$ cat my_file.cif   # mmCIF, C-alpha atoms
data_my_file
loop_
_atom_site.label_atom_id
_atom_site.label_comp_id
_atom_site.auth_asym_id
_atom_site.auth_seq_id
_atom_site.Cartn_x
_atom_site.Cartn_y
_atom_site.Cartn_z
CA MET K 139 -29.30 75.57 -119.07
CA TYR K 140 -27.81 78.63 -120.81
CA ALA K 141 -28.06 78.48 -124.59
CA ASP K 142 -25.02 79.46 -126.64
CA THR K 143 -27.18 82.08 -128.37
CA SER K 144 -28.29 83.79 -125.12
CA ARG K 145 -26.66 87.06 -124.18
CA VAL K 146 -24.39 86.83 -121.15
CA ALA K 147 -26.31 89.67 -119.45
CA GLU K 148 -29.57 87.71 -119.76
CA ALA K 149 -27.99 84.43 -118.69
CA ARG K 150 -26.38 86.08 -115.66
CA GLU K 151 -29.76 87.53 -114.70
CA GLN K 152 -31.29 84.02 -114.94
CA TYR K 153 -28.43 82.75 -112.76
CA PHE K 154 -29.12 85.51 -110.19
CA VAL K 155 -32.86 84.78 -110.08
CA ALA K 156 -32.42 80.99 -109.89
CA ASN K 157 -29.97 81.32 -106.99
CA LYS K 158 -31.55 84.32 -105.22
CA PHE K 159 -28.40 86.38 -105.91
CA SER K 160 -27.90 89.87 -107.27
CA ASP K 161 -25.04 92.08 -108.32
CA ALA K 162 -25.35 93.78 -104.92
CA SER K 163 -22.90 91.13 -103.71
CA TYR K 164 -20.30 92.89 -105.86
CA ARG K 165 -20.56 95.88 -103.49
CA ASP K 166 -21.92 94.61 -100.15
CA ARG K 167 -19.64 94.90 -97.11
CA TRP K 168 -20.48 91.39 -95.86
CA VAL K 169 -21.14 88.09 -97.62
CA LYS K 170 -24.00 86.25 -95.92
CA PHE K 171 -25.28 82.78 -96.71
CA LYS K 172 -26.43 79.57 -95.06
CA VAL K 173 -25.02 76.08 -95.13
CA GLY K 174 -28.15 74.17 -94.23
CA PRO K 175 -29.53 75.92 -91.14
CA ILE K 176 -26.18 77.48 -90.20
CA PRO K 177 -25.77 81.17 -91.08
CA ILE K 178 -22.29 82.21 -92.20
CA ALA K 179 -20.92 85.70 -92.82
CA PHE K 180 -17.52 87.00 -93.83
CA LEU K 181 -16.07 90.32 -94.93
CA ASN K 182 -16.47 91.00 -98.65
CA THR K 183 -12.86 92.01 -99.28
CA PRO K 184 -11.78 94.23 -102.17
CA SER K 185 -10.11 91.18 -103.75
CA ARG K 186 -13.35 89.18 -103.59
CA LYS K 187 -15.33 92.12 -104.98
CA LEU K 188 -13.06 92.07 -108.05
CA ALA K 189 -13.26 88.30 -108.45
CA ILE K 190 -16.97 87.58 -107.91
CA PRO K 191 -18.32 89.13 -111.16
CA LEU K 192 -15.90 86.91 -113.11
CA HIS K 193 -16.75 83.90 -110.94
CA ASP K 194 -20.46 84.41 -111.68
CA LEU K 195 -19.77 84.47 -115.44
CA HIS K 196 -17.78 81.25 -115.02
CA HIS K 197 -20.88 79.66 -113.44
CA VAL K 198 -22.90 80.74 -116.48
CA ALA K 199 -20.33 79.44 -118.98
CA THR K 200 -19.58 76.12 -117.26
CA GLU K 201 -23.10 75.54 -115.92
CA TYR K 202 -21.75 74.34 -112.59
CA ASP K 203 -24.48 75.05 -110.05
CA THR K 204 -24.20 76.74 -106.66
CA THR K 205 -24.73 73.68 -104.47
CA LEU K 206 -21.76 72.52 -102.38
CA VAL K 207 -20.82 70.10 -105.17
CA GLY K 208 -21.24 72.77 -107.85
CA GLU K 209 -19.05 75.20 -105.92
CA ALA K 210 -16.45 72.45 -105.54
CA GLU K 211 -16.57 71.92 -109.31
CA ILE K 212 -16.21 75.60 -110.15
CA GLY K 213 -13.46 75.91 -107.54
CA ALA K 214 -11.55 73.02 -109.12
CA TRP K 215 -12.14 74.43 -112.61
CA GLU K 216 -10.93 77.93 -111.65
CA ILE K 217 -7.86 76.64 -109.79
CA ALA K 218 -6.88 74.42 -112.71
CA GLY K 219 -7.27 77.25 -115.22
CA GLY K 220 -5.66 79.78 -112.91
CA CYS K 221 -6.96 82.68 -110.85
CA GLY K 222 -4.27 85.17 -111.85
CA ARG K 223 -3.88 88.02 -109.37
CA TYR K 224 -7.27 87.38 -107.73
CA TRP K 225 -6.05 86.21 -104.32
CA ALA K 226 -9.53 85.82 -102.87
CA ALA K 227 -10.40 83.49 -105.74
CA TRP K 228 -7.32 81.35 -105.07
CA TYR K 229 -8.19 81.07 -101.38
CA LEU K 230 -11.93 80.48 -101.71
CA ASN K 231 -11.46 78.03 -104.59
CA ALA K 232 -8.83 76.07 -102.66
CA THR K 233 -11.37 75.72 -99.85
CA THR K 234 -14.18 74.48 -102.10
CA PHE K 235 -11.75 72.27 -104.07
CA ALA K 236 -10.69 70.60 -100.81
CA ALA K 237 -14.34 70.05 -99.87
CA GLY K 238 -14.99 68.60 -103.31
CA LEU K 239 -12.26 66.03 -102.84
CA VAL K 240 -14.30 64.68 -99.92
CA ILE K 241 -17.91 65.10 -101.10
CA ALA K 242 -17.61 64.55 -104.87
CA PRO K 243 -14.09 63.45 -105.82
CA ARG K 244 -14.88 62.27 -109.36
CA ARG K 245 -16.82 65.38 -110.31
CA THR K 246 -14.13 67.57 -108.76
CA TYR K 247 -11.44 65.73 -110.74
CA ARG K 248 -13.39 66.08 -114.03
CA ALA K 249 -13.91 69.80 -113.39
CA PHE K 250 -10.20 70.23 -112.64
CA ILE K 251 -9.22 68.51 -115.90
CA ARG K 252 -11.73 70.64 -117.83
CA GLY K 253 -10.24 73.73 -116.18
CA ARG K 254 -6.72 72.72 -117.20
CA HIS K 255 -7.88 73.08 -120.81
CA SER K 256 -9.67 76.40 -120.27
CA ARG K 257 -8.59 79.99 -119.73
CA PRO K 258 -10.71 81.63 -116.99
CA LEU K 259 -11.52 85.31 -117.18
CA TYR K 260 -9.16 85.95 -114.28
CA TRP K 261 -6.36 86.18 -116.85
CA THR K 262 -7.95 89.09 -118.71
CA GLY K 263 -10.10 90.64 -115.99
CA TRP K 264 -13.45 92.35 -116.20
CA SER K 265 -14.52 94.40 -119.18
CA ASP K 266 -18.01 95.73 -119.75
CA ASP K 267 -18.18 94.03 -123.16
CA LEU K 268 -18.35 90.61 -121.46
CA VAL K 269 -22.07 90.96 -120.73
CA SER K 270 -22.84 91.85 -124.36
CA LEU K 271 -21.30 88.61 -125.66
CA THR K 272 -23.40 85.55 -126.30
CA VAL K 273 -22.85 82.65 -123.93
CA GLY K 274 -21.29 80.76 -126.85
CA GLU K 275 -18.84 83.61 -127.46
CA LEU K 276 -17.98 83.64 -123.74
CA ARG K 277 -17.33 79.90 -123.83
CA THR K 278 -15.08 80.37 -126.85
CA ARG K 279 -13.23 83.24 -125.17
CA ILE K 280 -12.39 81.07 -122.17
CA ALA K 281 -11.60 78.05 -124.38
CA LEU K 282 -14.15 75.96 -122.49
CA PRO K 283 -14.38 72.33 -123.60
CA ARG K 284 -17.93 70.93 -123.45
CA GLU K 285 -16.70 67.93 -121.46
CA ALA K 286 -13.47 67.20 -119.64
CA PRO K 287 -10.92 65.98 -122.19
CA SER K 288 -8.81 62.90 -121.55
CA PRO K 289 -6.27 63.91 -118.90
CA THR K 290 -2.61 64.18 -119.84
CA TRP K 291 0.18 63.19 -117.46
CA ARG K 292 0.67 66.92 -116.80
CA ASP K 293 -3.00 67.26 -115.88
CA ARG K 294 -2.68 64.34 -113.47
CA ALA K 295 0.51 65.76 -111.95
CA ALA K 296 -1.12 69.19 -111.49
CA PHE K 297 -4.12 67.57 -109.82
CA ALA K 298 -1.87 65.57 -107.49
CA GLY K 299 0.06 68.73 -106.63
CA TRP K 300 -3.09 70.64 -105.76
CA VAL K 301 -4.46 67.73 -103.74
CA GLY K 302 -1.21 67.73 -101.75
CA LEU K 303 -1.33 71.49 -101.28
CA VAL K 304 -4.91 71.66 -100.02
CA ALA K 305 -4.50 68.52 -97.91
CA MET K 306 -1.51 69.92 -95.95
CA PRO K 307 -3.52 72.06 -93.49
CA GLY K 308 -5.84 69.13 -92.76
CA LEU K 309 -2.93 66.76 -92.26
CA GLY K 310 -1.25 69.30 -90.00
CA ALA K 311 -4.39 69.61 -87.89
CA LEU K 312 -4.73 65.82 -87.64
CA THR K 313 -1.07 65.50 -86.61
CA LEU K 314 -1.51 68.18 -83.95
CA ALA K 315 -4.68 66.52 -82.67
CA ALA K 316 -2.95 63.13 -82.52
CA LYS K 317 -0.07 64.61 -80.51
CA MET K 318 -2.48 66.32 -78.12
CA LEU K 319 -4.36 63.06 -77.51
CA ARG K 320 -1.25 61.10 -76.47
#

$ encode --input "my_file.cif" --output "structure tokens"
Amino acid sequence: MYADTSRVAEAREQYFVANKFSDASYRDRWVKFKVGPIPIAFLNTPSRKLAIPLHDLHHVATEYDTTLVGEAEIGAWEIAGGCGRYWAAWYLNATTFAAGLVIAPRRTYRAFIRGRHSRPLYWTGWSDDLVSLTVGELRTRIALPREAPSPTWRDRAAFAGWVGLVAMPGLGALTLAAKMLR
């Protein structure tokens, strides 16, 4: 999709056009999108405004798309690699990771393992030079493996820990519902 020799600025522009996005979302007060026919909106917090330019570059580098499955993959990848001080990224990625466990568990697992062997831009933050890199240089900078490597026992343990963490709210809700139905 994005050649290693393409400039990040050009690849990001392709990504914007293909997904009907723009960098206006880096500044807009509200985030608006649809899940099927259902419109959804939420406040574009300062934390999200800092994270989303990096998240978009991660989409370019990893080539995970913006479908529900693609967002689950990028969420798993970013969680596994770490979101640093970007609290909105941790929260939003945990949400899409949890969804991925239900709708595409194998792809979510592979993305998580790939992320465990990467270093997302959240660790270094935004710098204007990022868009002047080639996509190949960006992939090198974030130590992105082409495919998910064979998982280590630590990778498996980290995955199990995150599954437990994101499953807790759902289990709590089910427990509460079961008690209410007695």

$ residues_near_point --input "my_file.cif" --point "(-20.2, 95.8, -97.6)" --cutoff "10 Å" --atoms "all atoms listed in the file" --output "MDAnalysis selection string"
chainID K and resid 162:169 180:184 187

$ write_last_selection --input "my_file.cif" --atoms "C-alpha atoms" --output "PDB file, in the frame of the given file"
ATOM      1  CA  ALA K 162     -25.350  93.780-104.920  1.00  0.00           C
ATOM      2  CA  SER K 163     -22.900  91.130-103.710  1.00  0.00           C
ATOM      3  CA  TYR K 164     -20.300  92.890-105.860  1.00  0.00           C
ATOM      4  CA  ARG K 165     -20.560  95.880-103.490  1.00  0.00           C
ATOM      5  CA  ASP K 166     -21.920  94.610-100.150  1.00  0.00           C
ATOM      6  CA  ARG K 167     -19.640  94.900 -97.110  1.00  0.00           C
ATOM      7  CA  TRP K 168     -20.480  91.390 -95.860  1.00  0.00           C
ATOM      8  CA  VAL K 169     -21.140  88.090 -97.620  1.00  0.00           C
ATOM      9  CA  PHE K 180     -17.520  87.000 -93.830  1.00  0.00           C
ATOM     10  CA  LEU K 181     -16.070  90.320 -94.930  1.00  0.00           C
ATOM     11  CA  ASN K 182     -16.470  91.000 -98.650  1.00  0.00           C
ATOM     12  CA  THR K 183     -12.860  92.010 -99.280  1.00  0.00           C
ATOM     13  CA  PRO K 184     -11.780  94.230-102.170  1.00  0.00           C
ATOM     14  CA  LYS K 187     -15.330  92.120-104.980  1.00  0.00           C
TER      15      LYS K 187
END

$ resolve_selection --input "my_file.cif" --expression "the PyMOL selection byres ((chain K and resi 159) around 12)" --output "ChimeraX atom specification"
/K:150-158,160-164,166,169-171,190-191,194,204

$ resolve_selection --input "my_file.cif" --expression "the PyMOL selection byres ((chain K and resi 262) around 12)" --output "VMD selection string"
chain K and resid 189 192 220 to 224 257 to 261 263 to 265 268 279 to 280

$ closest_residue --input "my_file.cif" --among "K:Arg244, K:Ala147, K:Glu211, K:Glu201" --to "Asp266 of chain K" --atoms "all atoms listed in the file"
K:Ala147

$ closest_residue --input "my_file.cif" --among "K:Ala218, K:Ala242, K:Ala236, K:Leu230" --to "Ser256 of chain K" --atoms "only C-alpha atoms"
K:Ala218

$ resolve_selection --input "my_file.cif" --expression "the PyMOL selection byres ((chain K and resi 287-302) around 9)" --output "PyMOL selection string"
chain K and resi 217-218+232+235-236+239+247-248+250-252+254-255+283-286+303-306

$ closest_residue --input "my_file.cif" --among "K:Ala149, K:Ala199, K:Ala141, K:Leu188" --to "Ala281 of chain K" --atoms "only C-alpha atoms"
K:Ala199

$ residues_around --input "my_file.cif" --residues "Leu271 of chain K" --least-positions-apart "3" --cutoff "10 Å" --atoms "all atoms listed in the file" --output "ChimeraX atom specification"
/K:142-147,266-268,274-277,279

$ atom_distance --input "my_file.cif" --atom1 "atom CA of Gly253 of chain K" --atom2 "atom CA of Ile178 of chain K"
28.1 Å

$ atom_distance --input "my_file.cif" --atom1 "atom CA of Leu206 of chain K" --atom2 "atom CA of Gly174 of chain K"
10.5 Å

$ closest_residue --input "my_file.cif" --among "K:Ala227, K:Val198, K:Ala249, K:Ile176" --to "Ile212 of chain K" --atoms "all atoms listed in the file"
K:Ala249

$ closest_residue --input "my_file.cif" --among "K:Gly219, K:Pro307, K:Pro175, K:Gly238" --to "Thr205 of chain K" --atoms "all atoms listed in the file"
K:Gly238

$ atom_distance --input "my_file.cif" --atom1 "atom CA of Met139 of chain K" --atom2 "atom CA of Pro243 of chain K"
23.5 Å

$ residues_around --input "my_file.cif" --residues "Gly208 of chain K" --least-positions-apart "5" --cutoff "9 Å" --atoms "only C-alpha atoms" --output "ChimeraX atom specification"
/K:197,201-203,213,238,245-246

$ axis_aligned_box --input "my_file.cif" --around "segment 141-153 of chain K" --padding-each-side "4 Å" --output "lines of an AutoDock Vina configuration file"
center_x = -27.8
center_y = 84.1
center_z = -120.6
size_x = 14.9
size_y = 19.2
size_z = 23.6

$ decode --input "my_file.cif" --residues "segment 248-289 of chain K" --atoms "N, CA and C atoms" --output "PDB file, in the first residue's frame"
ATOM      1  N   ARG K 248      -1.975 -11.382  16.438  1.00  0.00           N
ATOM      2  CA  ARG K 248      -0.786 -11.162  15.596  1.00  0.00           C
ATOM      3  C   ARG K 248      -0.320  -9.709  15.672  1.00  0.00           C
ATOM      4  N   ALA K 249      -1.267  -8.775  15.644  1.00  0.00           N
ATOM      5  CA  ALA K 249      -0.900  -7.357  15.731  1.00  0.00           C
ATOM      6  C   ALA K 249      -0.271  -7.043  17.082  1.00  0.00           C
ATOM      7  N   PHE K 250      -0.789  -7.624  18.140  1.00  0.00           N
ATOM      8  CA  PHE K 250      -0.229  -7.421  19.477  1.00  0.00           C
ATOM      9  C   PHE K 250       1.213  -7.928  19.516  1.00  0.00           C
ATOM     10  N   ILE K 251       1.457  -9.122  19.002  1.00  0.00           N
ATOM     11  CA  ILE K 251       2.813  -9.680  19.005  1.00  0.00           C
ATOM     12  C   ILE K 251       3.744  -8.806  18.170  1.00  0.00           C
ATOM     13  N   ARG K 252       3.286  -8.342  17.030  1.00  0.00           N
ATOM     14  CA  ARG K 252       4.085  -7.439  16.194  1.00  0.00           C
ATOM     15  C   ARG K 252       4.406  -6.156  16.960  1.00  0.00           C
ATOM     16  N   GLY K 253       3.423  -5.649  17.693  1.00  0.00           N
ATOM     17  CA  GLY K 253       3.631  -4.439  18.489  1.00  0.00           C
ATOM     18  C   GLY K 253       4.629  -4.635  19.613  1.00  0.00           C
ATOM     19  N   ARG K 254       4.662  -5.819  20.190  1.00  0.00           N
ATOM     20  CA  ARG K 254       5.618  -6.115  21.268  1.00  0.00           C
ATOM     21  C   ARG K 254       7.057  -5.999  20.782  1.00  0.00           C
ATOM     22  N   HIS K 255       7.255  -6.098  19.473  1.00  0.00           N
ATOM     23  CA  HIS K 255       8.604  -6.043  18.906  1.00  0.00           C
ATOM     24  C   HIS K 255       8.830  -4.734  18.149  1.00  0.00           C
ATOM     25  N   SER K 256       7.990  -3.750  18.421  1.00  0.00           N
ATOM     26  CA  SER K 256       8.067  -2.432  17.788  1.00  0.00           C
ATOM     27  C   SER K 256       8.225  -1.363  18.863  1.00  0.00           C
ATOM     28  N   ARG K 257       8.467  -0.148  18.421  1.00  0.00           N
ATOM     29  CA  ARG K 257       8.570   0.983  19.346  1.00  0.00           C
ATOM     30  C   ARG K 257       7.756   2.148  18.775  1.00  0.00           C
ATOM     31  N   PRO K 258       6.460   2.209  19.103  1.00  0.00           N
ATOM     32  CA  PRO K 258       5.599   3.266  18.564  1.00  0.00           C
ATOM     33  C   PRO K 258       6.139   4.672  18.835  1.00  0.00           C
ATOM     34  N   LEU K 259       5.701   5.582  18.006  1.00  0.00           N
ATOM     35  CA  LEU K 259       6.137   6.978  18.112  1.00  0.00           C
ATOM     36  C   LEU K 259       5.712   7.637  19.414  1.00  0.00           C
ATOM     37  N   TYR K 260       4.812   7.022  20.154  1.00  0.00           N
ATOM     38  CA  TYR K 260       4.397   7.596  21.432  1.00  0.00           C
ATOM     39  C   TYR K 260       5.580   7.740  22.387  1.00  0.00           C
ATOM     40  N   TRP K 261       6.620   6.973  22.197  1.00  0.00           N
ATOM     41  CA  TRP K 261       7.785   7.055  23.092  1.00  0.00           C
ATOM     42  C   TRP K 261       8.644   8.278  22.809  1.00  0.00           C
ATOM     43  N   THR K 262       8.625   8.759  21.580  1.00  0.00           N
ATOM     44  CA  THR K 262       9.450   9.924  21.234  1.00  0.00           C
ATOM     45  C   THR K 262       8.617  11.165  20.978  1.00  0.00           C
ATOM     46  N   GLY K 263       7.343  10.983  20.663  1.00  0.00           N
ATOM     47  CA  GLY K 263       6.470  12.122  20.409  1.00  0.00           C
ATOM     48  C   GLY K 263       6.606  12.652  18.991  1.00  0.00           C
ATOM     49  N   TRP K 264       5.842  13.689  18.730  1.00  0.00           N
ATOM     50  CA  TRP K 264       5.806  14.299  17.407  1.00  0.00           C
ATOM     51  C   TRP K 264       7.028  15.168  17.196  1.00  0.00           C
ATOM     52  N   SER K 265       7.559  15.115  15.991  1.00  0.00           N
ATOM     53  CA  SER K 265       8.535  16.100  15.533  1.00  0.00           C
ATOM     54  C   SER K 265       8.255  16.316  14.050  1.00  0.00           C
ATOM     55  N   ASP K 266       8.436  17.545  13.604  1.00  0.00           N
ATOM     56  CA  ASP K 266       8.088  17.879  12.225  1.00  0.00           C
ATOM     57  C   ASP K 266       8.893  17.091  11.197  1.00  0.00           C
ATOM     58  N   ASP K 267      10.055  16.573  11.594  1.00  0.00           N
ATOM     59  CA  ASP K 267      10.864  15.810  10.641  1.00  0.00           C
ATOM     60  C   ASP K 267      10.229  14.468  10.275  1.00  0.00           C
ATOM     61  N   LEU K 268       9.270  13.999  11.050  1.00  0.00           N
ATOM     62  CA  LEU K 268       8.646  12.698  10.764  1.00  0.00           C
ATOM     63  C   LEU K 268       8.041  12.649   9.366  1.00  0.00           C
ATOM     64  N   VAL K 269       7.406  13.733   8.935  1.00  0.00           N
ATOM     65  CA  VAL K 269       6.743  13.721   7.629  1.00  0.00           C
ATOM     66  C   VAL K 269       7.730  13.819   6.471  1.00  0.00           C
ATOM     67  N   SER K 270       8.976  14.197   6.747  1.00  0.00           N
ATOM     68  CA  SER K 270       9.974  14.253   5.674  1.00  0.00           C
ATOM     69  C   SER K 270      10.733  12.935   5.507  1.00  0.00           C
ATOM     70  N   LEU K 271      10.527  11.998   6.424  1.00  0.00           N
ATOM     71  CA  LEU K 271      11.137  10.673   6.295  1.00  0.00           C
ATOM     72  C   LEU K 271      10.487   9.907   5.149  1.00  0.00           C
ATOM     73  N   THR K 272      11.152   8.861   4.687  1.00  0.00           N
ATOM     74  CA  THR K 272      10.466   7.923   3.807  1.00  0.00           C
ATOM     75  C   THR K 272       9.688   6.960   4.702  1.00  0.00           C
ATOM     76  N   VAL K 273       8.729   6.276   4.124  1.00  0.00           N
ATOM     77  CA  VAL K 273       7.959   5.297   4.895  1.00  0.00           C
ATOM     78  C   VAL K 273       8.895   4.209   5.420  1.00  0.00           C
ATOM     79  N   GLY K 274       9.880   3.823   4.617  1.00  0.00           N
ATOM     80  CA  GLY K 274      10.859   2.834   5.066  1.00  0.00           C
ATOM     81  C   GLY K 274      11.651   3.319   6.270  1.00  0.00           C
ATOM     82  N   GLU K 275      12.046   4.596   6.253  1.00  0.00           N
ATOM     83  CA  GLU K 275      12.771   5.161   7.400  1.00  0.00           C
ATOM     84  C   GLU K 275      11.880   5.208   8.639  1.00  0.00           C
ATOM     85  N   LEU K 276      10.592   5.525   8.445  1.00  0.00           N
ATOM     86  CA  LEU K 276       9.648   5.522   9.565  1.00  0.00           C
ATOM     87  C   LEU K 276       9.532   4.116  10.144  1.00  0.00           C
ATOM     88  N   ARG K 277       9.404   3.134   9.279  1.00  0.00           N
ATOM     89  CA  ARG K 277       9.300   1.745   9.748  1.00  0.00           C
ATOM     90  C   ARG K 277      10.549   1.325  10.515  1.00  0.00           C
ATOM     91  N   THR K 278      11.701   1.770  10.054  1.00  0.00           N
ATOM     92  CA  THR K 278      12.950   1.471  10.766  1.00  0.00           C
ATOM     93  C   THR K 278      12.966   2.173  12.115  1.00  0.00           C
ATOM     94  N   ARG K 279      12.549   3.431  12.134  1.00  0.00           N
ATOM     95  CA  ARG K 279      12.547   4.205  13.383  1.00  0.00           C
ATOM     96  C   ARG K 279      11.692   3.542  14.459  1.00  0.00           C
ATOM     97  N   ILE K 280      10.570   2.963  14.052  1.00  0.00           N
ATOM     98  CA  ILE K 280       9.691   2.329  15.043  1.00  0.00           C
ATOM     99  C   ILE K 280       9.965   0.823  15.177  1.00  0.00           C
ATOM    100  N   ALA K 281      11.043   0.369  14.559  1.00  0.00           N
ATOM    101  CA  ALA K 281      11.474  -1.040  14.657  1.00  0.00           C
ATOM    102  C   ALA K 281      10.357  -2.006  14.265  1.00  0.00           C
ATOM    103  N   LEU K 282       9.651  -1.672  13.195  1.00  0.00           N
ATOM    104  CA  LEU K 282       8.477  -2.446  12.783  1.00  0.00           C
ATOM    105  C   LEU K 282       8.874  -3.705  12.023  1.00  0.00           C
ATOM    106  N   PRO K 283       8.563  -4.878  12.584  1.00  0.00           N
ATOM    107  CA  PRO K 283       8.785  -6.099  11.800  1.00  0.00           C
ATOM    108  C   PRO K 283       7.733  -6.208  10.700  1.00  0.00           C
ATOM    109  N   ARG K 284       8.119  -6.731   9.540  1.00  0.00           N
ATOM    110  CA  ARG K 284       7.166  -6.890   8.426  1.00  0.00           C
ATOM    111  C   ARG K 284       5.980  -7.762   8.841  1.00  0.00           C
ATOM    112  N   GLU K 285       6.259  -8.842   9.507  1.00  0.00           N
ATOM    113  CA  GLU K 285       5.234  -9.770   9.992  1.00  0.00           C
ATOM    114  C   GLU K 285       5.422  -9.946  11.491  1.00  0.00           C
ATOM    115  N   ALA K 286       4.422 -10.480  12.137  1.00  0.00           N
ATOM    116  CA  ALA K 286       4.548 -10.764  13.569  1.00  0.00           C
ATOM    117  C   ALA K 286       5.586 -11.865  13.757  1.00  0.00           C
ATOM    118  N   PRO K 287       6.592 -11.633  14.599  1.00  0.00           N
ATOM    119  CA  PRO K 287       7.570 -12.690  14.868  1.00  0.00           C
ATOM    120  C   PRO K 287       6.948 -13.795  15.718  1.00  0.00           C
ATOM    121  N   SER K 288       7.658 -14.883  15.861  1.00  0.00           N
ATOM    122  CA  SER K 288       7.170 -15.951  16.744  1.00  0.00           C
ATOM    123  C   SER K 288       7.078 -15.395  18.158  1.00  0.00           C
ATOM    124  N   PRO K 289       5.952 -15.602  18.828  1.00  0.00           N
ATOM    125  CA  PRO K 289       5.791 -15.029  20.173  1.00  0.00           C
ATOM    126  C   PRO K 289       6.678 -15.730  21.200  1.00  0.00           C
TER     127      PRO K 289
END
